[in-house]
>>> print(open('run_14.cif').read())   # mmCIF, C-alpha atoms
data_structure
#
loop_
_atom_site.group_PDB
_atom_site.id
_atom_site.type_symbol
_atom_site.label_atom_id
_atom_site.label_comp_id
_atom_site.auth_asym_id
_atom_site.auth_seq_id
_atom_site.Cartn_x
_atom_site.Cartn_y
_atom_site.Cartn_z
ATOM 1 C CA MET A 157 -23.680 12.488 32.086
ATOM 2 C CA ASN A 158 -19.964 12.031 31.424
ATOM 3 C CA ARG A 159 -20.723 8.678 29.867
ATOM 4 C CA PHE A 160 -22.474 10.431 27.002
ATOM 5 C CA LEU A 161 -20.373 13.552 26.817
ATOM 6 C CA ILE A 162 -17.080 11.756 26.158
ATOM 7 C CA PRO A 163 -18.245 9.693 23.149
ATOM 8 C CA LEU A 164 -20.130 12.711 21.862
ATOM 9 C CA GLY A 165 -16.980 14.828 22.161
ATOM 10 C CA ILE A 166 -14.905 12.211 20.356
ATOM 11 C CA PHE A 167 -17.527 11.960 17.655
ATOM 12 C CA LEU A 168 -17.594 15.730 17.135
ATOM 13 C CA VAL A 169 -13.805 15.966 16.866
ATOM 14 C CA LEU A 170 -13.741 13.071 14.382
ATOM 15 C CA ALA A 171 -16.599 14.571 12.380
ATOM 16 C CA VAL A 172 -14.790 17.911 12.109
ATOM 17 C CA PHE A 173 -11.556 16.231 11.011
ATOM 18 C CA LEU A 174 -13.339 14.094 8.424
ATOM 19 C CA ALA A 175 -15.337 17.064 7.136
ATOM 20 C CA VAL A 176 -12.158 19.080 6.647
ATOM 21 C CA GLY A 177 -10.493 16.047 5.079
ATOM 22 C CA LEU A 178 -13.322 15.693 2.583
ATOM 23 C CA LYS A 179 -12.805 19.249 1.388
ATOM 24 C CA LEU A 180 -9.061 18.861 0.879
ATOM 25 C CA ASP A 181 -7.887 17.690 -2.489
ATOM 26 C CA PRO A 182 -4.995 15.242 -2.155
ATOM 27 C CA ARG A 183 -3.934 16.181 -5.685
ATOM 28 C CA GLU A 184 -3.225 19.725 -4.583
ATOM 29 C CA VAL A 185 0.366 19.205 -3.600
ATOM 30 C CA PRO A 186 1.893 22.461 -2.396
ATOM 31 C CA SER A 187 4.551 23.393 -4.919
ATOM 32 C CA PRO A 188 8.026 24.195 -3.630
ATOM 33 C CA LEU A 189 8.467 26.397 -6.705
ATOM 34 C CA ILE A 190 6.293 29.240 -5.446
ATOM 35 C CA ASP A 191 8.389 32.403 -5.007
ATOM 36 C CA LYS A 192 11.289 30.735 -6.801
ATOM 37 C CA PRO A 193 12.619 31.818 -10.194
ATOM 38 C CA ALA A 194 10.862 30.040 -13.047
ATOM 39 C CA PRO A 195 13.184 27.243 -14.218
ATOM 40 C CA SER A 196 14.864 28.309 -17.406
ATOM 41 C CA PHE A 197 14.527 26.539 -20.730
ATOM 42 C CA ARG A 198 14.937 27.252 -24.389
ATOM 43 C CA LEU A 199 12.421 25.365 -26.477
ATOM 44 C CA ALA A 200 11.295 25.449 -30.078
ATOM 45 C CA LEU A 201 8.048 27.204 -30.911
ATOM 46 C CA LEU A 202 5.131 24.995 -31.835
ATOM 47 C CA GLN A 203 4.137 27.092 -34.827
ATOM 48 C CA ASP A 204 7.666 27.937 -35.931
ATOM 49 C CA PRO A 205 10.206 25.252 -34.939
ATOM 50 C CA GLY A 206 13.041 27.385 -36.265
ATOM 51 C CA LYS A 207 12.524 29.888 -33.454
ATOM 52 C CA THR A 208 12.857 29.399 -29.719
ATOM 53 C CA LEU A 209 11.538 30.981 -26.569
ATOM 54 C CA ALA A 210 13.104 31.233 -23.121
ATOM 55 C CA PRO A 211 11.524 32.617 -19.929
ATOM 56 C CA GLY A 212 14.262 35.267 -19.961
ATOM 57 C CA ASP A 213 12.721 36.721 -23.138
ATOM 58 C CA LEU A 214 9.628 37.603 -21.120
ATOM 59 C CA LYS A 215 11.399 39.520 -18.342
ATOM 60 C CA GLY A 216 9.582 42.723 -17.530
ATOM 61 C CA LYS A 217 6.104 41.405 -18.086
ATOM 62 C CA VAL A 218 3.656 39.395 -16.082
ATOM 63 C CA TRP A 219 2.692 36.222 -17.890
ATOM 64 C CA ILE A 220 0.838 32.973 -17.468
ATOM 65 C CA LEU A 221 2.411 29.644 -18.313
ATOM 66 C CA ASN A 222 -0.124 26.974 -19.150
ATOM 67 C CA VAL A 223 0.957 23.359 -19.603
ATOM 68 C CA TRP A 224 -1.265 21.618 -22.116
ATOM 69 C CA ALA A 225 -1.451 18.751 -24.587
ATOM 70 C CA SER A 226 -3.817 17.721 -27.328
ATOM 71 C CA TRP A 227 -4.253 14.293 -25.692
ATOM 72 C CA CYS A 228 -5.167 15.893 -22.366
ATOM 73 C CA VAL A 229 -8.903 15.586 -21.775
ATOM 74 C CA PRO A 230 -9.202 17.988 -18.803
ATOM 75 C CA CYS A 231 -7.407 20.638 -20.900
ATOM 76 C CA LEU A 232 -10.566 20.917 -22.983
ATOM 77 C CA GLN A 233 -12.474 21.770 -19.841
ATOM 78 C CA GLU A 234 -10.435 24.901 -19.115
ATOM 79 C CA HIS A 235 -9.778 25.794 -22.723
ATOM 80 C CA PRO A 236 -12.792 28.096 -23.345
ATOM 81 C CA LEU A 237 -11.811 30.072 -20.236
ATOM 82 C CA LEU A 238 -8.287 30.556 -21.532
ATOM 83 C CA VAL A 239 -9.535 31.598 -24.969
ATOM 84 C CA ASP A 240 -11.798 34.089 -23.225
ATOM 85 C CA LEU A 241 -8.970 35.380 -21.079
ATOM 86 C CA SER A 242 -6.704 35.848 -24.087
ATOM 87 C CA LYS A 243 -9.372 38.016 -25.730
ATOM 88 C CA GLN A 244 -9.470 40.290 -22.683
ATOM 89 C CA ARG A 245 -5.780 41.080 -23.237
ATOM 90 C CA VAL A 246 -5.130 41.445 -19.516
ATOM 91 C CA VAL A 247 -2.220 39.073 -19.259
ATOM 92 C CA PRO A 248 -0.554 37.000 -22.001
ATOM 93 C CA ILE A 249 -0.723 33.209 -21.835
ATOM 94 C CA TYR A 250 2.230 31.166 -23.010
ATOM 95 C CA GLY A 251 1.698 27.487 -23.684
ATOM 96 C CA LEU A 252 4.027 24.671 -22.733
ATOM 97 C CA ASN A 253 2.974 21.820 -24.971
ATOM 98 C CA TYR A 254 3.655 18.653 -22.977
ATOM 99 C CA LYS A 255 4.756 15.420 -24.687
ATOM 100 C CA ASP A 256 2.676 15.997 -27.741
ATOM 101 C CA GLY A 257 3.023 15.651 -31.490
ATOM 102 C CA ARG A 258 3.312 18.843 -33.504
ATOM 103 C CA ASP A 259 0.559 17.887 -35.938
ATOM 104 C CA ASN A 260 -1.821 16.842 -33.182
ATOM 105 C CA ALA A 261 -1.114 20.005 -31.213
ATOM 106 C CA LEU A 262 -1.632 22.301 -34.203
ATOM 107 C CA LYS A 263 -4.829 20.497 -35.166
ATOM 108 C CA TRP A 264 -6.105 20.810 -31.598
ATOM 109 C CA LEU A 265 -5.472 24.563 -31.542
ATOM 110 C CA ALA A 266 -7.147 24.977 -34.929
ATOM 111 C CA THR A 267 -10.224 23.124 -33.668
ATOM 112 C CA HIS A 268 -10.584 24.633 -30.210
ATOM 113 C CA GLY A 269 -9.020 28.064 -30.616
ATOM 114 C CA ASN A 270 -5.569 29.321 -29.718
ATOM 115 C CA PRO A 271 -5.351 31.390 -26.532
ATOM 116 C CA TYR A 272 -1.552 31.335 -26.478
ATOM 117 C CA ALA A 273 0.666 34.256 -27.391
ATOM 118 C CA LEU A 274 3.195 31.532 -28.173
ATOM 119 C CA SER A 275 3.468 27.834 -27.471
ATOM 120 C CA VAL A 276 6.698 25.918 -27.037
ATOM 121 C CA MET A 277 7.152 22.184 -27.428
ATOM 122 C CA ASP A 278 8.367 20.094 -24.527
ATOM 123 C CA ALA A 279 8.417 16.853 -26.481
ATOM 124 C CA ASP A 280 10.272 14.716 -23.942
ATOM 125 C CA GLY A 281 8.684 16.362 -20.906
ATOM 126 C CA ARG A 282 12.056 17.276 -19.410
ATOM 127 C CA VAL A 283 11.253 20.965 -18.907
ATOM 128 C CA SER A 284 7.887 20.080 -17.400
ATOM 129 C CA ILE A 285 9.684 17.963 -14.801
ATOM 130 C CA ASP A 286 11.701 21.065 -13.888
ATOM 131 C CA TYR A 287 8.395 22.841 -13.364
ATOM 132 C CA GLY A 288 7.141 20.014 -11.153
ATOM 133 C CA VAL A 289 4.334 19.167 -13.533
ATOM 134 C CA TYR A 290 2.533 15.947 -12.687
ATOM 135 C CA GLY A 291 -0.975 16.406 -13.983
ATOM 136 C CA VAL A 292 -1.681 18.338 -17.135
ATOM 137 C CA PRO A 293 -3.094 20.985 -17.274
ATOM 138 C CA GLU A 294 -1.117 23.131 -14.866
ATOM 139 C CA THR A 295 -1.031 26.902 -14.781
ATOM 140 C CA TYR A 296 1.612 29.267 -13.397
ATOM 141 C CA VAL A 297 1.560 33.019 -12.863
ATOM 142 C CA ILE A 298 5.040 34.468 -13.344
ATOM 143 C CA ASP A 299 5.950 38.029 -12.382
ATOM 144 C CA LYS A 300 8.081 40.682 -14.060
ATOM 145 C CA ASP A 301 11.247 39.343 -12.464
ATOM 146 C CA GLY A 302 10.577 35.843 -13.718
ATOM 147 C CA VAL A 303 9.493 34.509 -10.324
ATOM 148 C CA ILE A 304 6.671 31.984 -10.031
ATOM 149 C CA ARG A 305 3.977 33.529 -7.852
ATOM 150 C CA PHE A 306 1.107 31.098 -8.202
ATOM 151 C CA LYS A 307 0.500 27.599 -9.425
ATOM 152 C CA HIS A 308 -2.749 25.845 -10.155
ATOM 153 C CA ILE A 309 -2.953 22.107 -10.783
ATOM 154 C CA GLY A 310 -5.736 20.747 -12.942
ATOM 155 C CA PRO A 311 -8.174 22.678 -15.106
ATOM 156 C CA VAL A 312 -8.556 26.362 -14.305
ATOM 157 C CA THR A 313 -12.062 27.057 -13.038
ATOM 158 C CA PRO A 314 -13.893 30.402 -13.346
ATOM 159 C CA LYS A 315 -13.554 30.740 -9.567
ATOM 160 C CA VAL A 316 -9.779 30.308 -9.579
ATOM 161 C CA LEU A 317 -9.467 32.668 -12.527
ATOM 162 C CA GLU A 318 -11.612 35.423 -11.000
ATOM 163 C CA GLU A 319 -10.471 35.096 -7.404
ATOM 164 C CA LYS A 320 -6.820 34.142 -7.695
ATOM 165 C CA ILE A 321 -5.217 34.484 -11.119
ATOM 166 C CA LEU A 322 -6.680 37.772 -12.362
ATOM 167 C CA PRO A 323 -6.337 39.744 -9.093
ATOM 168 C CA LEU A 324 -2.766 38.481 -8.708
ATOM 169 C CA ALA A 325 -1.864 39.333 -12.308
ATOM 170 C CA ARG A 326 -3.294 42.853 -11.932
ATOM 171 C CA GLN A 327 -1.491 43.369 -8.639
ATOM 172 C CA LEU A 328 1.805 42.185 -10.127
ATOM 173 C CA GLN A 329 1.364 44.465 -13.118
ATOM 174 C CA GLY A 330 0.501 47.424 -10.901
ATOM 175 C CA MET B 280 -13.701 10.291 -27.926
ATOM 176 C CA ILE B 281 -11.191 11.874 -30.252
ATOM 177 C CA ALA B 282 -8.953 12.588 -27.317
ATOM 178 C CA ILE B 283 -9.103 8.927 -26.236
ATOM 179 C CA LEU B 284 -8.228 7.850 -29.744
ATOM 180 C CA LEU B 285 -5.327 10.284 -29.788
ATOM 181 C CA LEU B 286 -4.216 8.974 -26.430
ATOM 182 C CA ALA B 287 -4.333 5.437 -27.760
ATOM 183 C CA LEU B 288 -2.275 6.535 -30.740
ATOM 184 C CA ALA B 289 0.225 8.239 -28.497
ATOM 185 C CA MET B 290 0.740 5.174 -26.272
ATOM 186 C CA PRO B 291 3.146 3.148 -28.414
ATOM 187 C CA ALA B 292 5.362 6.196 -28.681
ATOM 188 C CA TYR B 293 5.816 6.211 -24.917
ATOM 189 C CA ALA B 294 6.170 2.472 -24.516
ATOM 190 C CA ASN B 295 9.701 2.338 -25.863
ATOM 191 C CA GLU B 296 10.875 4.979 -23.415
ATOM 192 C CA ALA B 297 10.485 2.506 -20.589
ATOM 193 C CA ALA B 298 13.270 0.295 -21.890
ATOM 194 C CA PRO B 299 14.830 -1.076 -18.715
ATOM 195 C CA ALA B 300 18.605 -0.908 -18.762
ATOM 196 C CA ALA B 301 19.058 -4.524 -17.752
ATOM 197 C CA ASP B 302 22.659 -4.346 -18.867
ATOM 198 C CA ASP B 303 23.671 -3.085 -15.445
ATOM 199 C CA PRO B 304 21.871 -5.008 -12.671
ATOM 200 C CA ALA B 305 23.646 -3.122 -9.869
ATOM 201 C CA LEU B 306 22.480 0.208 -11.251
ATOM 202 C CA GLU B 307 18.943 -1.112 -11.733
ATOM 203 C CA GLN B 308 18.915 -2.293 -8.133
ATOM 204 C CA ARG B 309 19.963 1.164 -6.971
ATOM 205 C CA VAL B 310 17.281 2.780 -9.142
ATOM 206 C CA THR B 311 14.649 0.463 -7.691
ATOM 207 C CA ARG B 312 15.801 1.037 -4.122
ATOM 208 C CA LEU B 313 15.681 4.823 -4.442
ATOM 209 C CA THR B 314 12.451 5.037 -6.453
ATOM 210 C CA ALA B 315 10.710 2.760 -3.945
ATOM 211 C CA GLU B 316 11.085 5.652 -1.486
ATOM 212 C CA LEU B 317 9.671 8.233 -3.864
ATOM 213 C CA ARG B 318 5.985 8.789 -4.340
ATOM 214 C CA CYS B 319 4.407 8.716 -7.756
ATOM 215 C CA LEU B 320 2.457 11.972 -7.971
ATOM 216 C CA VAL B 321 0.047 10.728 -10.599
ATOM 217 C CA CYS B 322 -1.098 7.708 -8.606
ATOM 218 C CA GLN B 323 -0.365 8.860 -5.130
ATOM 219 C CA ASN B 324 -0.517 5.586 -3.272
ATOM 220 C CA GLN B 325 2.164 3.997 -5.391
ATOM 221 C CA SER B 326 5.875 4.491 -5.314
ATOM 222 C CA LEU B 327 7.763 5.538 -8.423
ATOM 223 C CA ALA B 328 9.228 2.042 -8.560
ATOM 224 C CA ASP B 329 5.791 0.394 -8.682
ATOM 225 C CA SER B 330 4.082 2.854 -10.954
ATOM 226 C CA HIS B 331 3.743 2.560 -14.687
ATOM 227 C CA ALA B 332 2.338 6.032 -15.106
ATOM 228 C CA ASP B 333 3.940 7.978 -17.888
ATOM 229 C CA LEU B 334 5.485 10.543 -15.582
ATOM 230 C CA ALA B 335 6.753 7.835 -13.236
ATOM 231 C CA ILE B 336 8.590 6.214 -16.117
ATOM 232 C CA ASP B 337 10.097 9.568 -17.100
ATOM 233 C CA LEU B 338 11.185 10.202 -13.535
ATOM 234 C CA LYS B 339 12.676 6.724 -13.246
ATOM 235 C CA ASN B 340 14.659 7.397 -16.404
ATOM 236 C CA GLN B 341 15.709 10.687 -14.870
ATOM 237 C CA VAL B 342 16.900 8.913 -11.714
ATOM 238 C CA ARG B 343 18.750 6.350 -13.803
ATOM 239 C CA SER B 344 20.540 8.921 -15.948
ATOM 240 C CA GLN B 345 21.508 10.979 -12.897
ATOM 241 C CA MET B 346 22.926 7.863 -11.245
ATOM 242 C CA LYS B 347 24.905 7.187 -14.393
ATOM 243 C CA ALA B 348 26.198 10.746 -14.051
ATOM 244 C CA ALA B 349 27.558 9.748 -10.615
ATOM 245 C CA LYS B 350 25.000 11.701 -8.585
ATOM 246 C CA SER B 351 24.474 10.518 -5.024
ATOM 247 C CA ASP B 352 21.102 9.301 -3.734
ATOM 248 C CA ALA B 353 20.858 12.429 -1.577
ATOM 249 C CA GLU B 354 21.446 14.685 -4.575
ATOM 250 C CA ILE B 355 18.758 12.908 -6.570
ATOM 251 C CA ARG B 356 16.355 13.109 -3.642
ATOM 252 C CA ASP B 357 17.031 16.860 -3.425
ATOM 253 C CA TYR B 358 16.375 17.173 -7.153
ATOM 254 C CA MET B 359 12.933 15.588 -6.678
ATOM 255 C CA VAL B 360 12.102 17.634 -3.576
ATOM 256 C CA ALA B 361 13.059 20.878 -5.342
ATOM 257 C CA ARG B 362 10.423 20.107 -7.961
ATOM 258 C CA TYR B 363 7.676 18.259 -6.148
ATOM 259 C CA GLY B 364 8.181 19.125 -2.466
ATOM 260 C CA ASP B 365 8.548 16.883 0.573
ATOM 261 C CA PHE B 366 5.401 15.138 -0.588
ATOM 262 C CA VAL B 367 7.442 12.940 -2.961
ATOM 263 C CA LEU B 368 9.320 11.413 -0.058
ATOM 264 C CA TYR B 369 7.727 8.456 1.658
ATOM 265 C CA ARG B 370 10.033 9.248 4.577
ATOM 266 C CA PRO B 371 9.728 13.028 4.879
ATOM 267 C CA PRO B 372 12.340 14.923 6.905
ATOM 268 C CA LEU B 373 11.490 15.979 10.436
ATOM 269 C CA LYS B 374 10.756 19.696 10.424
ATOM 270 C CA ALA B 375 8.162 22.165 11.654
ATOM 271 C CA SER B 376 5.613 21.351 8.953
ATOM 272 C CA THR B 377 5.953 17.584 9.388
ATOM 273 C CA VAL B 378 6.166 17.354 13.193
ATOM 274 C CA LEU B 379 2.537 16.292 13.512
ATOM 275 C CA LEU B 380 3.153 13.523 10.992
ATOM 276 C CA TRP B 381 6.042 12.084 12.976
ATOM 277 C CA VAL B 382 4.862 12.732 16.525
ATOM 278 C CA GLY B 383 1.112 12.311 15.984
ATOM 279 C CA PRO B 384 0.923 8.504 16.184
ATOM 280 C CA PHE B 385 3.004 8.387 19.383
ATOM 281 C CA ALA B 386 0.896 11.146 20.894
ATOM 282 C CA PHE B 387 -2.233 9.131 20.141
ATOM 283 C CA VAL B 388 -0.756 6.024 21.767
ATOM 284 C CA LEU B 389 0.122 8.035 24.883
ATOM 285 C CA ILE B 390 -3.355 9.556 25.056
ATOM 286 C CA GLY B 391 -4.893 6.122 24.632
ATOM 287 C CA PHE B 392 -2.672 4.702 27.377
ATOM 288 C CA TYR B 393 -3.612 7.538 29.739
ATOM 289 C CA VAL B 394 -7.329 7.017 29.083
ATOM 290 C CA LEU B 395 -6.947 3.260 29.588
ATOM 291 C CA VAL B 396 -5.151 3.679 32.931
ATOM 292 C CA ARG B 397 -7.753 6.122 34.164
ATOM 293 C CA PHE B 398 -10.546 3.853 33.071
ATOM 294 C CA LEU B 399 -9.042 0.800 34.799
ATOM 295 C CA ARG B 400 -8.350 2.744 37.992
ATOM 296 C CA ARG B 401 -11.909 3.937 38.199
ATOM 297 C CA ARG B 402 -13.255 0.459 37.596
ATOM 298 C CA GLN B 403 -11.385 -0.962 40.597
ATOM 299 C CA VAL B 404 -14.027 -2.080 43.097
ATOM 300 C CA PRO B 405 -13.272 -0.746 46.570
ATOM 301 C CA GLU B 406 -12.758 -3.472 49.179
ATOM 302 C CA PRO B 407 -16.036 -4.060 50.985
ATOM 303 C CA GLN B 408 -16.055 -2.591 54.502
ATOM 304 C CA LEU B 409 -17.445 -5.063 57.006
ATOM 305 C CA THR B 410 -18.642 -4.378 60.475
ATOM 306 C CA ASP B 411 -17.299 -6.479 63.330
ATOM 307 C CA ALA B 412 -20.556 -8.422 63.512
ATOM 308 C CA GLU B 413 -20.396 -9.249 59.802
ATOM 309 C CA ARG B 414 -16.763 -10.312 60.162
ATOM 310 C CA ALA B 415 -17.652 -12.673 62.981
ATOM 311 C CA ARG B 416 -20.489 -14.125 60.920
ATOM 312 C CA ALA B 417 -18.261 -14.615 57.886
ATOM 313 C CA ALA B 418 -15.600 -16.311 60.036
ATOM 314 C CA LYS B 419 -18.213 -18.671 61.407
ATOM 315 C CA LEU B 420 -19.464 -19.533 57.906
ATOM 316 C CA LEU B 421 -15.958 -20.255 56.711
ATOM 317 C CA GLU B 422 -15.145 -22.628 59.535
#
>>> encode(input="run_14.cif", output="structure tokens")
Amino acid sequence: MNRFLIPLGIFLVLAVFLAVGLKLDPREVPSPLIDKPAPSFRLALLQDPGKTLAPGDLKGKVWILNVWASWCVPCLQEHPLLVDLSKQRVVPIYGLNYKDGRDNALKWLATHGNPYALSVMDADGRVSIDYGVYGVPETYVIDKDGVIRFKHIGPVTPKVLEEKILPLARQLQG
Amino acid sequence: MIAILLLALAMPAYANEAAPAADDPALEQRVTRLTAELRCLVCQNQSLADSHADLAIDLKNQVRSQMKAAKSDAEIRDYMVARYGDFVLYRPPLKASTVLLWVGPFAFVLIGFYVLVRFLRRRQVPEPQLTDAERARAAKLLE
């Protein structure tokens, strides 16, 4: 009896481990920035290079920071969701335009819609490094005190938006 | 399709950022040594030193400029960990969340050794017990 039980037990343990492993996404690296103050920057606006924006300007409101680029294919996947979200006027989305050209970025927004309250240009990607960005798009929820409360890597899905981002934003606004 | 075209257009712009500073071989060697221990987050099974991903090149430049600014290897490592977590280190520090990573393999070896010993012990054939008559017969046969 033991002769069969032991291999069966080993098999079951392995199967459970592999099943869990299959569900994990190796790209989802836990960010050390959660519950830390959003790294500061002062960058020129995409639409109006003469003006700048810094996270400090947004103190007192809950906001979403979305890292995007016109050359970023997966950004298109989440884009309709963001446009939709911006129309609901629940929480403002600010865009961090990552290593992009101004003309390309503006053209992209004109074609696909502009969900951003404002977009700033991170042309050399230096600010994005401070935010630990490694795969555009990335999305952060930042609270009234300027603390990062949530980070999502890759395109935002309806599930993440409904189950994580929106409830968190409402709770933080509360 | 348009995005791919745009990407292709954007490529040459990035290419010149990778200019290796071959003017200082000692510095380059230090950059390579440190970045070989840092994981490229875009292509996770490559080190920063090996990777030619856009971000890896940016991070290598970052490492290089911080070294030029007289930062120590430990300071640069901390800079990376503050942004990307312990995951960037190919040799993560020993702490509560990484104990399994460090101890796991040894634990498996010990378990394997224990199972092996038990298995071998059980397989040992007990010495045959002979009666006196059988002993006498065996002795006669061996003569």
>>> resolve_selection(input="run_14.cif", expression="the PyMOL selection byres ((chain A and resi 190-198) around 9)", output="list in words")
Pro186, Ser187, Pro188, Leu189, Leu199, Ala200, Thr208, Leu209, Ala210, Pro211, Gly212, Val276, Val283, Asp286, Tyr287, Ile298, Asp301, Gly302, Val303, Ile304, Arg305, Phe306 and Lys307 of chain A
>>> resolve_selection(input="run_14.cif", expression="the PyMOL selection byres ((chain B and resi 334-351) around 9)", output="number ranges by chain")
A: 280-282, 285, 289-291; B: 296-297, 299-300, 306-307, 309-311, 313-314, 318-321, 326-333, 352-356, 359
>>> axis_aligned_box(input="run_14.cif", around="range 334-349 of chain B", padding_each_side="3 Å", output="JSON")
{"center_x": 16.5, "center_y": 8.6, "center_z": -13.9, "size_x": 28.1, "size_y": 10.8, "size_z": 12.5}
>>> atom_distance(input="run_14.cif", atom1="CA of Gln408 in chain B", atom2="CA of Leu395 in chain B")
27.2 Å
>>> atom_distance(input="run_14.cif", atom1="CA of Gly288 in chain A", atom2="CA of Phe173 in chain A")
29.2 Å
>>> resolve_selection(input="run_14.cif", expression="the PyMOL selection byres ((chain A and resi 312-318) around 12)", output="number ranges by chain")
A: 220, 222-224, 230-241, 247, 292-297, 306-311, 319-326
>>> write_last_selection(input="run_14.cif", atoms="C-alpha atoms", output="compact mmCIF listing (two decimals), keeping the file's coordinate frame")
# COMPACT_ATOMS: atom_id res chain seq x y z
CA ILE A 220 0.84 32.97 -17.47
CA ASN A 222 -0.12 26.97 -19.15
CA VAL A 223 0.96 23.36 -19.60
CA TRP A 224 -1.26 21.62 -22.12
CA PRO A 230 -9.20 17.99 -18.80
CA CYS A 231 -7.41 20.64 -20.90
CA LEU A 232 -10.57 20.92 -22.98
CA GLN A 233 -12.47 21.77 -19.84
CA GLU A 234 -10.44 24.90 -19.11
CA HIS A 235 -9.78 25.79 -22.72
CA PRO A 236 -12.79 28.10 -23.34
CA LEU A 237 -11.81 30.07 -20.24
CA LEU A 238 -8.29 30.56 -21.53
CA VAL A 239 -9.54 31.60 -24.97
CA ASP A 240 -11.80 34.09 -23.22
CA LEU A 241 -8.97 35.38 -21.08
CA VAL A 247 -2.22 39.07 -19.26
CA VAL A 292 -1.68 18.34 -17.14
CA PRO A 293 -3.09 20.98 -17.27
CA GLU A 294 -1.12 23.13 -14.87
CA THR A 295 -1.03 26.90 -14.78
CA TYR A 296 1.61 29.27 -13.40
CA VAL A 297 1.56 33.02 -12.86
CA PHE A 306 1.11 31.10 -8.20
CA LYS A 307 0.50 27.60 -9.43
CA HIS A 308 -2.75 25.84 -10.15
CA ILE A 309 -2.95 22.11 -10.78
CA GLY A 310 -5.74 20.75 -12.94
CA PRO A 311 -8.17 22.68 -15.11
CA GLU A 319 -10.47 35.10 -7.40
CA LYS A 320 -6.82 34.14 -7.70
CA ILE A 321 -5.22 34.48 -11.12
CA LEU A 322 -6.68 37.77 -12.36
CA PRO A 323 -6.34 39.74 -9.09
CA LEU A 324 -2.77 38.48 -8.71
CA ALA A 325 -1.86 39.33 -12.31
CA ARG A 326 -3.29 42.85 -11.93
>>> residues_around(input="run_14.cif", residues="Ala273 in chain A", least_positions_apart="6", cutoff="8 Å", atoms="all atoms listed in the file", output="list in words")
Pro248, Ile249, Tyr250 and Gly251 of chain A
>>> atom_distance(input="run_14.cif", atom1="CA of Leu328 in chain A", atom2="CA of Lys207 in chain A")
28.5 Å
>>> closest_residue(input="run_14.cif", among="B:Gln403, B:Thr377, B:Thr410, B:Gln323", to="chain A", atoms="all atoms listed in the file")
B:Gln323
>>> closest_residue(input="run_14.cif", among="A:Leu274, A:Val229, A:Leu180, A:Leu252", to="chain B", atoms="all atoms listed in the file")
A:Val229
>>> residues_around(input="run_14.cif", residues="range 255-264 of chain A", least_positions_apart="6", cutoff="8 Å", atoms="all atoms listed in the file", output="VMD selection string")
chain A and resid 202 to 203 225 to 227 277 to 281
>>> closest_residue(input="run_14.cif", among="B:Leu420, B:Leu399, B:Leu389, B:Gly364", to="Ser376 in chain B", atoms="all atoms listed in the file")
B:Gly364
>>> closest_residue(input="run_14.cif", among="B:Asp357, B:Glu316, B:Asp365, B:Asp302", to="chain A", atoms="all atoms listed in the file")
B:Asp365
